[in-house]
Every structure is written in structure tokens, then in C-alpha cells.
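Undergrad: The file below is protein_36.pdb, PDB, C-alpha atoms:
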ATOM      1  CA  MET A1028    -251.374 248.509  91.246
ATOM      2  CA  ALA A1029    -250.693 251.098  88.598
ATOM      3  CA  ASP A1030    -248.469 252.861  91.130
ATOM      4  CA  VAL A1031    -246.448 249.699  91.821
ATOM      5  CA  LEU A1032    -245.717 249.183  88.122
ATOM      6  CA  ALA A1033    -244.988 252.882  87.642
ATOM      7  CA  VAL A1034    -242.171 252.862  90.206
ATOM      8  CA  LEU A1035    -240.948 249.296  89.643
ATOM      9  CA  PRO A1036    -237.779 249.197  87.502
ATOM     10  CA  LEU A1037    -238.449 247.308  84.228
ATOM     11  CA  GLY A1038    -235.850 244.637  85.014
ATOM     12  CA  LYS A1039    -237.193 243.842  88.482
ATOM     13  CA  PRO A1040    -239.803 241.097  88.963
ATOM     14  CA  LEU A1041    -243.180 241.952  90.452
ATOM     15  CA  PRO A1042    -243.067 241.800  94.276
ATOM     16  CA  PRO A1043    -245.164 238.953  95.762
ATOM     17  CA  GLY A1044    -248.629 239.914  96.969
ATOM     18  CA  LEU A1045    -251.985 241.096  95.740
ATOM     19  CA  HIS A1046    -252.021 243.347  92.706
ATOM     20  CA  GLY A1047    -254.927 245.054  90.976
ATOM     21  CA  ALA A1048    -258.579 244.799  91.961
ATOM     22  CA  GLU A1049    -259.621 242.766  94.973
ATOM     23  CA  THR A1050    -262.349 240.498  93.605
ATOM     24  CA  PHE A1051    -263.363 236.882  94.203
ATOM     25  CA  GLU A1052    -262.427 236.134  90.595
ATOM     26  CA  ARG A1053    -258.783 236.933  91.206
ATOM     27  CA  VAL A1054    -256.078 234.928  89.467
ATOM     28  CA  ALA A1055    -253.363 233.112  91.400
ATOM     29  CA  LEU A1056    -249.895 232.793  89.937
ATOM     30  CA  CYS A1057    -246.939 230.935  91.391
ATOM     31  CA  ARG A1058    -243.551 229.666  90.324
ATOM     32  CA  LEU A1059    -242.903 225.914  90.210
ATOM     33  CA  PRO A1060    -239.513 224.360  90.882
ATOM     34  CA  ALA A1061    -238.673 222.269  87.812
ATOM     35  CA  ASP A1062    -235.705 221.140  85.778
ATOM     36  CA  ALA A1063    -236.055 221.479  82.008
ATOM     37  CA  CYS A1064    -234.415 219.956  78.947
ATOM     38  CA  ALA A1065    -235.082 220.161  75.229
ATOM     39  CA  LEU A1066    -235.378 216.824  73.454
ATOM     40  CA  VAL A1067    -234.753 216.917  69.707
ATOM     41  CA  ALA A1068    -235.364 213.773  67.679
ATOM     42  CA  GLY A1069    -233.180 212.887  64.729
ATOM     43  CA  ARG A1070    -234.535 211.243  61.594
ATOM     44  CA  ASP A1071    -235.824 208.172  63.411
ATOM     45  CA  ARG A1072    -238.678 209.850  65.254
ATOM     46  CA  GLU A1073    -240.652 206.599  65.694
ATOM     47  CA  THR A1074    -237.861 205.074  67.789
ATOM     48  CA  VAL A1075    -237.749 208.168  70.004
ATOM     49  CA  ILE A1076    -241.505 207.903  70.553
ATOM     50  CA  ALA A1077    -241.155 204.174  71.317
ATOM     51  CA  LYS A1078    -238.279 204.784  73.754
ATOM     52  CA  ALA A1079    -240.382 207.288  75.708
ATOM     53  CA  LYS A1080    -242.415 204.311  76.970
ATOM     54  CA  ALA A1081    -239.427 203.504  79.204
ATOM     55  CA  LEU A1082    -240.221 206.746  81.054
ATOM     56  CA  GLY A1083    -243.921 205.849  81.218
ATOM     57  CA  ALA A1084    -244.968 208.345  78.557
ATOM     58  CA  THR A1085    -246.958 207.836  75.380
ATOM     59  CA  LEU A1086    -245.220 210.577  73.453
ATOM     60  CA  CYS A1087    -247.390 212.658  71.126
ATOM     61  CA  ASP A1088    -245.605 214.356  68.212
ATOM     62  CA  GLY A1089    -247.843 217.410  68.326
ATOM     63  CA  PRO A1090    -248.548 220.455  70.503
ATOM     64  CA  ARG A1091    -249.690 218.357  73.471
ATOM     65  CA  ARG A1092    -248.487 217.460  76.958
ATOM     66  CA  SER A1093    -247.524 213.801  77.422
ATOM     67  CA  ALA A1094    -246.982 212.782  81.041
ATOM     68  CA  GLY A1095    -244.667 210.023  82.275
ATOM     69  CA  ASP A1096    -243.047 208.928  85.553
ATOM     70  CA  ASN A1097    -242.310 212.288  87.193
ATOM     71  CA  VAL A1098    -241.603 213.744  83.762
ATOM     72  CA  ALA A1099    -243.723 215.708  81.266
ATOM     73  CA  PHE A1100    -243.094 216.191  77.544
ATOM     74  CA  ILE A1101    -244.519 219.328  75.968
ATOM     75  CA  GLY A1102    -244.543 219.325  72.161
ATOM     76  CA  THR A1103    -242.875 222.495  70.840
ATOM     77  CA  GLY A1104    -242.241 221.531  67.207
ATOM     78  CA  PRO A1105    -242.102 218.503  64.919
ATOM     79  CA  GLY A1106    -239.848 215.986  66.680
ATOM     80  CA  ARG A1107    -239.079 218.464  69.474
ATOM     81  CA  TRP A1108    -240.241 218.452  73.068
ATOM     82  CA  LEU A1109    -239.638 220.517  76.156
ATOM     83  CA  VAL A1110    -239.180 218.022  79.000
ATOM     84  CA  LEU A1111    -239.900 219.032  82.586
ATOM     85  CA  SER A1112    -239.331 217.193  85.829
ATOM     86  CA  GLN A1113    -239.240 218.020  89.512
ATOM     87  CA  GLU A1114    -236.516 215.429  90.056
ATOM     88  CA  SER A1115    -232.849 216.292  89.631
ATOM     89  CA  GLY A1116    -230.689 214.518  87.042
ATOM     90  CA  LEU A1117    -233.160 214.982  84.200
ATOM     91  CA  PHE A1118    -230.461 215.486  81.569
ATOM     92  CA  THR A1119    -228.680 212.211  82.389
ATOM     93  CA  ARG A1120    -231.967 210.324  82.555
ATOM     94  CA  LEU A1121    -233.056 211.581  79.118
ATOM     95  CA  ASP A1122    -229.651 211.115  77.499
ATOM     96  CA  LYS A1123    -229.483 207.504  78.710
ATOM     97  CA  THR A1124    -232.990 206.812  77.431
ATOM     98  CA  PHE A1125    -232.934 208.519  74.020
ATOM     99  CA  ALA A1126    -229.320 208.489  72.736
ATOM    100  CA  PRO A1127    -228.397 208.178  69.920
ATOM    101  CA  GLU A1128    -231.766 208.763  68.191
ATOM    102  CA  ALA A1129    -232.335 212.107  69.943
ATOM    103  CA  SER A1130    -230.240 214.912  71.375
ATOM    104  CA  VAL A1131    -230.843 216.421  74.802
ATOM    105  CA  PHE A1132    -230.072 220.026  75.745
ATOM    106  CA  ALA A1133    -230.160 221.259  79.351
ATOM    107  CA  GLN A1134    -232.511 224.237  79.642
ATOM    108  CA  GLY A1135    -233.136 224.342  83.387
ATOM    109  CA  GLY A1136    -230.972 227.391  83.999
ATOM    110  CA  GLY A1137    -232.693 229.492  81.352
ATOM    111  CA  LEU A1138    -236.361 228.731  81.857
ATOM    112  CA  VAL A1139    -238.946 229.461  84.520
ATOM    113  CA  VAL A1140    -242.143 227.449  85.017
ATOM    114  CA  LEU A1141    -245.241 229.272  86.257
ATOM    115  CA  GLU A1142    -248.676 227.994  87.182
ATOM    116  CA  ALA A1143    -251.845 230.093  87.070
ATOM    117  CA  SER A1144    -255.367 229.360  88.245
ATOM    118  CA  GLY A1145    -258.561 231.218  89.046
ATOM    119  CA  PRO A1146    -262.029 231.771  87.639
ATOM    120  CA  ALA A1147    -260.978 234.769  85.535
ATOM    121  CA  LEU A1148    -257.933 233.048  84.048
ATOM    122  CA  PRO A1149    -259.489 232.412  80.586
ATOM    123  CA  ALA A1150    -260.374 236.117  80.344
ATOM    124  CA  VAL A1151    -256.829 237.090  81.369
ATOM    125  CA  LEU A1152    -255.250 234.706  78.859
ATOM    126  CA  ALA A1153    -257.518 236.023  76.114
ATOM    127  CA  LYS A1154    -255.809 239.393  76.560
ATOM    128  CA  LEU A1155    -252.324 237.898  76.596
ATOM    129  CA  VAL A1156    -251.996 235.272  73.871
ATOM    130  CA  PRO A1157    -253.191 235.256  70.227
ATOM    131  CA  LEU A1158    -254.804 231.802  70.521
ATOM    132  CA  ASP A1159    -258.338 230.456  70.247
ATOM    133  CA  LEU A1160    -258.570 229.273  73.852
ATOM    134  CA  GLU A1161    -262.094 227.886  73.368
ATOM    135  CA  LYS A1162    -260.547 225.064  71.316
ATOM    136  CA  PHE A1163    -257.941 224.233  73.967
ATOM    137  CA  ALA A1164    -258.569 220.793  75.447
ATOM    138  CA  LEU A1165    -256.897 219.456  78.591
ATOM    139  CA  GLY A1166    -253.249 218.754  77.807
ATOM    140  CA  ASP A1167    -253.167 220.952  74.700
ATOM    141  CA  ALA A1168    -250.029 223.085  74.441
ATOM    142  CA  ALA A1169    -248.876 226.017  72.355
ATOM    143  CA  THR A1170    -245.641 227.856  71.775
ATOM    144  CA  THR A1171    -246.600 231.424  71.083
ATOM    145  CA  THR A1172    -245.982 235.017  72.045
ATOM    146  CA  ALA A1173    -247.431 237.235  74.783
ATOM    147  CA  ALA A1174    -246.551 240.938  74.838
ATOM    148  CA  HIS A1175    -243.687 240.112  72.400
ATOM    149  CA  ILE A1176    -242.336 237.499  74.844
ATOM    150  CA  ASN A1177    -242.019 233.952  73.531
ATOM    151  CA  LEU A1178    -243.549 231.363  75.810
ATOM    152  CA  THR A1179    -244.838 227.817  75.870
ATOM    153  CA  LEU A1180    -248.118 227.233  77.672
ATOM    154  CA  TRP A1181    -250.420 224.303  78.212
ATOM    155  CA  ARG A1182    -253.679 223.501  79.936
ATOM    156  CA  HIS A1183    -252.484 221.355  82.808
ATOM    157  CA  ASP A1184    -255.903 220.378  84.186
ATOM    158  CA  GLU A1185    -259.412 221.789  84.438
ATOM    159  CA  ASN A1186    -258.341 224.780  86.562
ATOM    160  CA  HIS A1187    -254.622 225.211  86.003
ATOM    161  CA  TRP A1188    -252.552 226.537  83.111
ATOM    162  CA  ARG A1189    -248.780 226.418  83.092
ATOM    163  CA  PHE A1190    -246.290 228.658  81.313
ATOM    164  CA  VAL A1191    -242.628 228.360  80.498
ATOM    165  CA  VAL A1192    -240.825 231.641  79.843
ATOM    166  CA  GLY A1193    -237.180 232.574  79.528
ATOM    167  CA  ARG A1194    -235.706 233.506  82.908
ATOM    168  CA  SER A1195    -234.541 236.900  81.654
ATOM    169  CA  PHE A1196    -238.077 237.639  80.400
ATOM    170  CA  LEU A1197    -239.736 236.826  83.743
ATOM    171  CA  ALA A1198    -239.965 240.443  84.905
ATOM    172  CA  ALA A1199    -241.492 241.574  81.593
ATOM    173  CA  PHE A1200    -243.902 238.632  81.516
ATOM    174  CA  LEU A1201    -245.062 239.293  85.105
ATOM    175  CA  ARG A1202    -245.642 242.934  84.233
ATOM    176  CA  ALA A1203    -247.746 241.948  81.190
ATOM    177  CA  PHE A1204    -249.631 239.330  83.236
ATOM    178  CA  ALA A1205    -250.314 241.807  86.051
ATOM    179  CA  CYS A1206    -251.696 244.338  83.564
ATOM    180  CA  ALA A1207    -253.937 241.717  81.919
ATOM    181  CA  ALA A1208    -255.174 240.516  85.321
ATOM    182  CA  ALA A1209    -255.546 243.984  86.884
ATOM    183  CA  GLU A1210    -259.336 244.167  86.542
ATOM    184  CA  TYR A1211    -259.783 240.819  88.364
ATOM    185  CA  GLY A1212    -256.786 241.002  90.682
ATOM    186  CA  LEU A1213    -253.606 238.974  90.787
ATOM    187  CA  ASP A1214    -252.280 236.986  93.729
ATOM    188  CA  TRP A1215    -248.597 236.521  92.886
ATOM    189  CA  ALA A1216    -246.880 234.083  95.220
ATOM    190  CA  GLY A1217    -243.388 234.938  93.978
TER     191      GLY A1217
ATOM    192  CA  MET B 983    -254.841 236.921  58.962
ATOM    193  CA  LEU B 984    -254.745 233.372  60.327
ATOM    194  CA  ILE B 985    -252.163 231.003  58.854
ATOM    195  CA  PRO B 986    -252.793 227.274  59.380
ATOM    196  CA  CYS B 987    -249.406 225.969  60.506
ATOM    197  CA  PRO B 988    -249.132 222.206  59.793
ATOM    198  CA  TYR B 989    -247.896 221.614  63.361
ATOM    199  CA  CYS B 990    -249.468 224.347  65.534
ATOM    200  CA  GLY B 991    -252.825 224.855  63.792
ATOM    201  CA  ALA B 992    -254.350 228.226  62.849
ATOM    202  CA  ARG B 993    -252.156 231.018  64.210
ATOM    203  CA  ASP B 994    -252.105 234.773  63.853
ATOM    204  CA  ALA B 995    -249.790 236.144  61.140
ATOM    205  CA  GLU B 996    -247.942 238.159  63.821
ATOM    206  CA  GLU B 997    -246.289 234.898  64.935
ATOM    207  CA  PHE B 998    -244.760 234.459  61.474
ATOM    208  CA  SER B 999    -242.014 236.236  59.555
ATOM    209  CA  TYR B1000    -242.670 236.688  55.842
ATOM    210  CA  ARG B1001    -239.838 235.158  53.801
ATOM    211  CA  GLY B1002    -241.045 235.836  50.255
ATOM    212  CA  ASP B1003    -241.606 233.860  47.069
ATOM    213  CA  ALA B1004    -241.334 230.063  47.427
ATOM    214  CA  THR B1005    -241.068 229.301  43.719
ATOM    215  CA  PRO B1006    -237.442 230.209  42.745
ATOM    216  CA  VAL B1007    -235.237 227.136  42.394
ATOM    217  CA  ARG B1008    -231.475 227.395  42.838
ATOM    218  CA  PRO B1009    -229.868 227.185  39.366
ATOM    219  CA  ASP B1010    -227.141 224.785  38.320
ATOM    220  CA  ALA B1011    -223.805 226.459  39.106
ATOM    221  CA  ALA B1012    -222.134 224.478  36.302
ATOM    222  CA  ALA B1013    -224.449 225.804  33.575
ATOM    223  CA  PRO B1014    -222.764 228.039  30.942
ATOM    224  CA  ASP B1015    -225.120 230.963  31.734
ATOM    225  CA  ALA B1016    -224.938 230.380  35.514
ATOM    226  CA  ALA B1017    -224.095 234.030  36.333
ATOM    227  CA  GLU B1018    -227.183 235.287  34.529
ATOM    228  CA  GLN B1019    -229.384 232.580  36.066
ATOM    229  CA  PHE B1020    -228.082 233.376  39.566
ATOM    230  CA  HIS B1021    -228.755 237.079  38.994
ATOM    231  CA  ASP B1022    -232.391 236.281  38.198
ATOM    232  CA  TYR B1023    -232.587 233.787  41.100
ATOM    233  CA  VAL B1024    -231.256 236.271  43.638
ATOM    234  CA  TYR B1025    -232.789 239.559  42.462
ATOM    235  CA  LEU B1026    -235.844 239.063  40.244
ATOM    236  CA  ARG B1027    -239.216 238.495  41.907
ATOM    237  CA  ASP B1028    -242.762 238.457  40.524
ATOM    238  CA  ASN B1029    -245.467 240.425  42.271
ATOM    239  CA  PRO B1030    -248.611 238.569  41.213
ATOM    240  CA  ALA B1031    -252.172 239.717  41.949
ATOM    241  CA  GLY B1032    -253.861 236.428  42.766
ATOM    242  CA  ALA B1033    -252.587 232.934  43.575
ATOM    243  CA  PHE B1034    -249.083 232.924  45.072
ATOM    244  CA  ARG B1035    -246.815 230.361  46.731
ATOM    245  CA  GLU B1036    -244.769 231.958  49.501
ATOM    246  CA  LEU B1037    -242.618 231.141  52.527
ATOM    247  CA  TRP B1038    -243.471 232.077  56.102
ATOM    248  CA  TYR B1039    -241.175 231.299  59.040
ATOM    249  CA  HIS B1040    -243.100 230.452  62.224
ATOM    250  CA  SER B1041    -240.666 232.391  64.393
ATOM    251  CA  ALA B1042    -242.844 232.651  67.508
ATOM    252  CA  GLY B1043    -244.229 229.114  67.271
ATOM    253  CA  CYS B1044    -242.737 225.823  66.104
ATOM    254  CA  ARG B1045    -239.851 227.612  64.323
ATOM    255  CA  ARG B1046    -240.422 225.785  61.060
ATOM    256  CA  TRP B1047    -240.553 227.206  57.538
ATOM    257  CA  VAL B1048    -244.057 226.910  56.110
ATOM    258  CA  GLU B1049    -244.998 227.107  52.443
ATOM    259  CA  VAL B1050    -248.331 228.886  52.047
ATOM    260  CA  GLU B1051    -250.553 229.061  48.958
ATOM    261  CA  ARG B1052    -252.323 232.395  49.318
ATOM    262  CA  ASP B1053    -254.401 234.651  47.099
ATOM    263  CA  THR B1054    -252.749 238.056  47.370
ATOM    264  CA  LEU B1055    -256.024 239.820  46.508
ATOM    265  CA  THR B1056    -258.309 238.120  49.031
ATOM    266  CA  HIS B1057    -255.746 236.688  51.522
ATOM    267  CA  ALA B1058    -257.586 233.366  51.206
ATOM    268  CA  ILE B1059    -255.168 230.537  52.061
ATOM    269  CA  THR B1060    -255.792 227.335  50.102
ATOM    270  CA  ALA B1061    -252.946 225.110  51.361
ATOM    271  CA  THR B1062    -249.975 225.029  53.732
ATOM    272  CA  ARG B1063    -247.169 222.525  54.164
ATOM    273  CA  PHE B1064    -243.693 222.462  55.690
ATOM    274  CA  ALA B1065    -241.261 224.016  53.223
ATOM    275  CA  ALA B1066    -239.098 220.873  53.178
ATOM    276  CA  GLU B1067    -242.111 218.834  52.015
ATOM    277  CA  GLY B1068    -242.813 221.375  49.240
ATOM    278  CA  ARG B1069    -239.222 221.040  47.999
ATOM    279  CA  ARG B1070    -239.459 217.260  47.983
ATOM    280  CA  ALA B1071    -242.771 217.270  46.089
TER     281      ALA B1071
END
If you convert what's in this file into C-alpha cells, what do you get?
TA:
Amino acid sequence: MADVLAVLPLGKPLPPGLHGAETFERVALCRLPADACALVAGRDRETVIAKAKALGATLCDGPRRSAGDNVAFIGTGPGRWLVLSQESGLFTRLDKTFAPEASVFAQGGGLVVLEASGPALPAVLAKLVPLDLEKFALGDAATTTAAHINLTLWRHDENHWRFVVGRSFLAAFLRAFACAAAEYGLDWAG
Amino acid sequence: MLIPCPYCGARDAEEFSYRGDATPVRPDAAAPDAAEQFHDYVYLRDNPAGAFRELWYHSAGCRRWVEVERDTLTHAITATRFAAEGRRA
């Protein structure tokens, strides 16, 4: 794998395939199709949280994932959430639900959602992010930095972690992830 | 050094940007000695050995300004709050 990264231009994403060691502990990484918006509450945060019930979500004002009807809210700051959905028309849906107590900003064009799984994933993440992963419960989220790249990540379920990174940082993030996962192997679906 | 962010929890100091002393208060611009007061407010800073109240910006996390009470000799942090709350207090 070292040879692949040595000849790969820095701006080019990692080619799909197996990278690094070939072990049974290898980590799988794939890209998920999702639309994204930022939801920013105004002063009346309680009303925003109450209105989220219309989307089937019990909104948590903390670094947690709150799931609704084909929509997920990831807490990124006080009164701020990153909202993801696999359906189109997310912006309109959110604006109709939360205006005027909250503002909605379309982020789908600038963000990429990735999903990772595999037995060695905790060991790989320990090399990437400055977080105490032992304390991470299911649904816990964090906005942090990995190899100087800002990202939001959360523990989606028992075996899967998801990441949101800026589209223009994808190549750099994949390079950092491939290096962290090299000793276990990385199966990158592209 | 771990800084307990009120929103994110304990996070490494590398996620934060140090923004200096949290104690200066903007002087009254209408005061007769306003120019002198503003000079002190803008330029003069203490450098205490011991308890200190300072601002950290959580630039790689929740992007909020956090007021931290820290001992500059031991790095022991006794309290943190959002900077806006500290101003209101």
C-alpha cells in the first residue's frame, strides 16, 4: 500500500480496493449517498426541539444522534445540528418544519458521508481521533479533528461508525484513514 | 492537557485555540479618561503564576468560546463555562 500512496497525487482520492495488510480484522469503508443540512436554532431552542417531533425525532441538544423518519440529527454544537437524510428535498422539509425558530443551510454539496466497520475499527480510530472512544456509547457523536481535518463522527450501531468530512478533504481523509488502517487492511468500496 | 468543554466533554487542548485573558472588561467610551482606559484594556495583560481565568475557542469542536479557570503552574482546571455565561454572571 505504501507504493500506492507514494505515487498517488495528494488531491486524488484513494482508488477502490484492498489496501494494506490482508488480515481477517480488516476495516471496511464505504461512501453513503445522503443529503445534508445544518439546522441552527435561534433563541427559542425548546420550540425547535418540540417541532422535531413532527419529523419523528426526539431531538437531543448535545453531541448525540437523534433519529427520525428517514432523517438523522447529529448534535454539532449548542442549538446546532447536522441533519442527514437519504431522501431528496431535505432543505424544504426542514425549512417548513422549523421556520422561523431555526435557520436551515444546505450542506449536501460540500459534505461526504462515510461508513466504516470491522473488528479492528476501534484500534484504527484510536490512531485517528483525539477522543476517549471507550466512553462512546451507541449514538454518541463528536465533532473533532483527524490528521488536521475537521470531521463529525458518531457510533451508528454496535459495528458501524459514520463520518462526515468536507468534500474537498475526502482525499486527505482517505489517505489518513488508509495509513491508520494499514496494519489491519482497508477494504475501500469507493 | 484535557479541557472539559461544556458541550463536547473533555477534549484535547489541540482542538482549542488559546484566546487569552478573560478578565478585561470593555471600558466606558464616554468616560473622561477613556483613551487611557482603552489603552490598558487593549494592551496591558497580567501574567499570573497560579489561578487564571482565560478564553479558549473550541475551533475543531463545537466552535464556541469557553471560559476556563486554570492554574498556570499545575494546569489543573477547576471550572469551565461558555464565555457568554461568564459575561452574564
Undergrad: Starting from the PyMOL selection byres ((chain B) within 10 of (chain A)), expand the selection into actual residues of this file and give them as a VMD selection string.
TA: chain B and resid 988 to 997 1040 to 1046
Undergrad: I would like the residues chosen by the PyMOL selection byres ((chain B and resi 1015-1031) around 6) on the shown file; could you give them as a ChimeraX atom specification?
TA: /B:1011,1013-1014,1032,1054-1055
Undergrad: On this file, the PyMOL selection byres ((chain B and resi 1005) around 12) gives some set of residues; write that set as a VMD selection string.
TA: chain B and resid 1001 to 1004 1006 to 1008 1023 1026 to 1028 1034 to 1037 1049 to 1051 1065 1068 to 1069
Undergrad: Mind checking which residues fall within 10 Å of His1046 (chain A), counting all atoms listed in the file, ignoring those fewer than 5 positions away in the same chain, and posting them as number ranges by chain?
TA: A: 1028-1029, 1031-1032, 1041, 1053-1054, 1205-1206, 1208-1215
Undergrad: Box in all listed atoms of region 1013-1028 of chain B, axis-aligned, with 6 Å more on each side; write out centre and edge lengths in Å to one decimal as lines of an AutoDock Vina configuration file.
TA:
center_x = -232.8
center_y = 232.7
center_z = 37.3
size_x = 32.0
size_y = 25.8
size_z = 24.7
Undergrad: Fewer than 2 positions away in the same chain doesn't count, so skip those; otherwise give me all residues within 10 Å of Thr1060 (chain B), counting only C-alpha atoms, as a VMD selection string.
TA: chain B and resid 986 1033 1050 to 1053 1057 to 1058 1062
Undergrad: Could you save those same residues with C-alpha atoms as a PDB file, in the frame of the given file?
TA:
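Once written, again14.pdb looks like this:
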ATOM      1  CA  PRO B 986    -252.793 227.274  59.380  1.00  0.00           C
ATOM      2  CA  ALA B1033    -252.587 232.934  43.575  1.00  0.00           C
ATOM      3  CA  VAL B1050    -248.331 228.886  52.047  1.00  0.00           C
ATOM      4  CA  GLU B1051    -250.553 229.061  48.958  1.00  0.00           C
ATOM      5  CA  ARG B1052    -252.323 232.395  49.318  1.00  0.00           C
ATOM      6  CA  ASP B1053    -254.401 234.651  47.099  1.00  0.00           C
ATOM      7  CA  HIS B1057    -255.746 236.688  51.522  1.00  0.00           C
ATOM      8  CA  ALA B1058    -257.586 233.366  51.206  1.00  0.00           C
ATOM      9  CA  THR B1062    -249.975 225.029  53.732  1.00  0.00           C
TER      10      THR B1062
END
Undergrad: Measure the distance from CA of Val1048 (chain B) to CA of Arg1063 (chain B) in Å and round it to one decimal.
TA: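 Result for CA of Val1048 (chain B) versus CA of Arg1063 (chain B): 5.7 Å, one decimal.
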Undergrad: Which residues, written as a VMD selection string, have at least one atom at most 9 Å from Lys1080 (chain A), with all atoms listed in the file counted and residues fewer than 5 positions away on the same chain left out?
TA: chain A and resid 1085 to 1086 1095
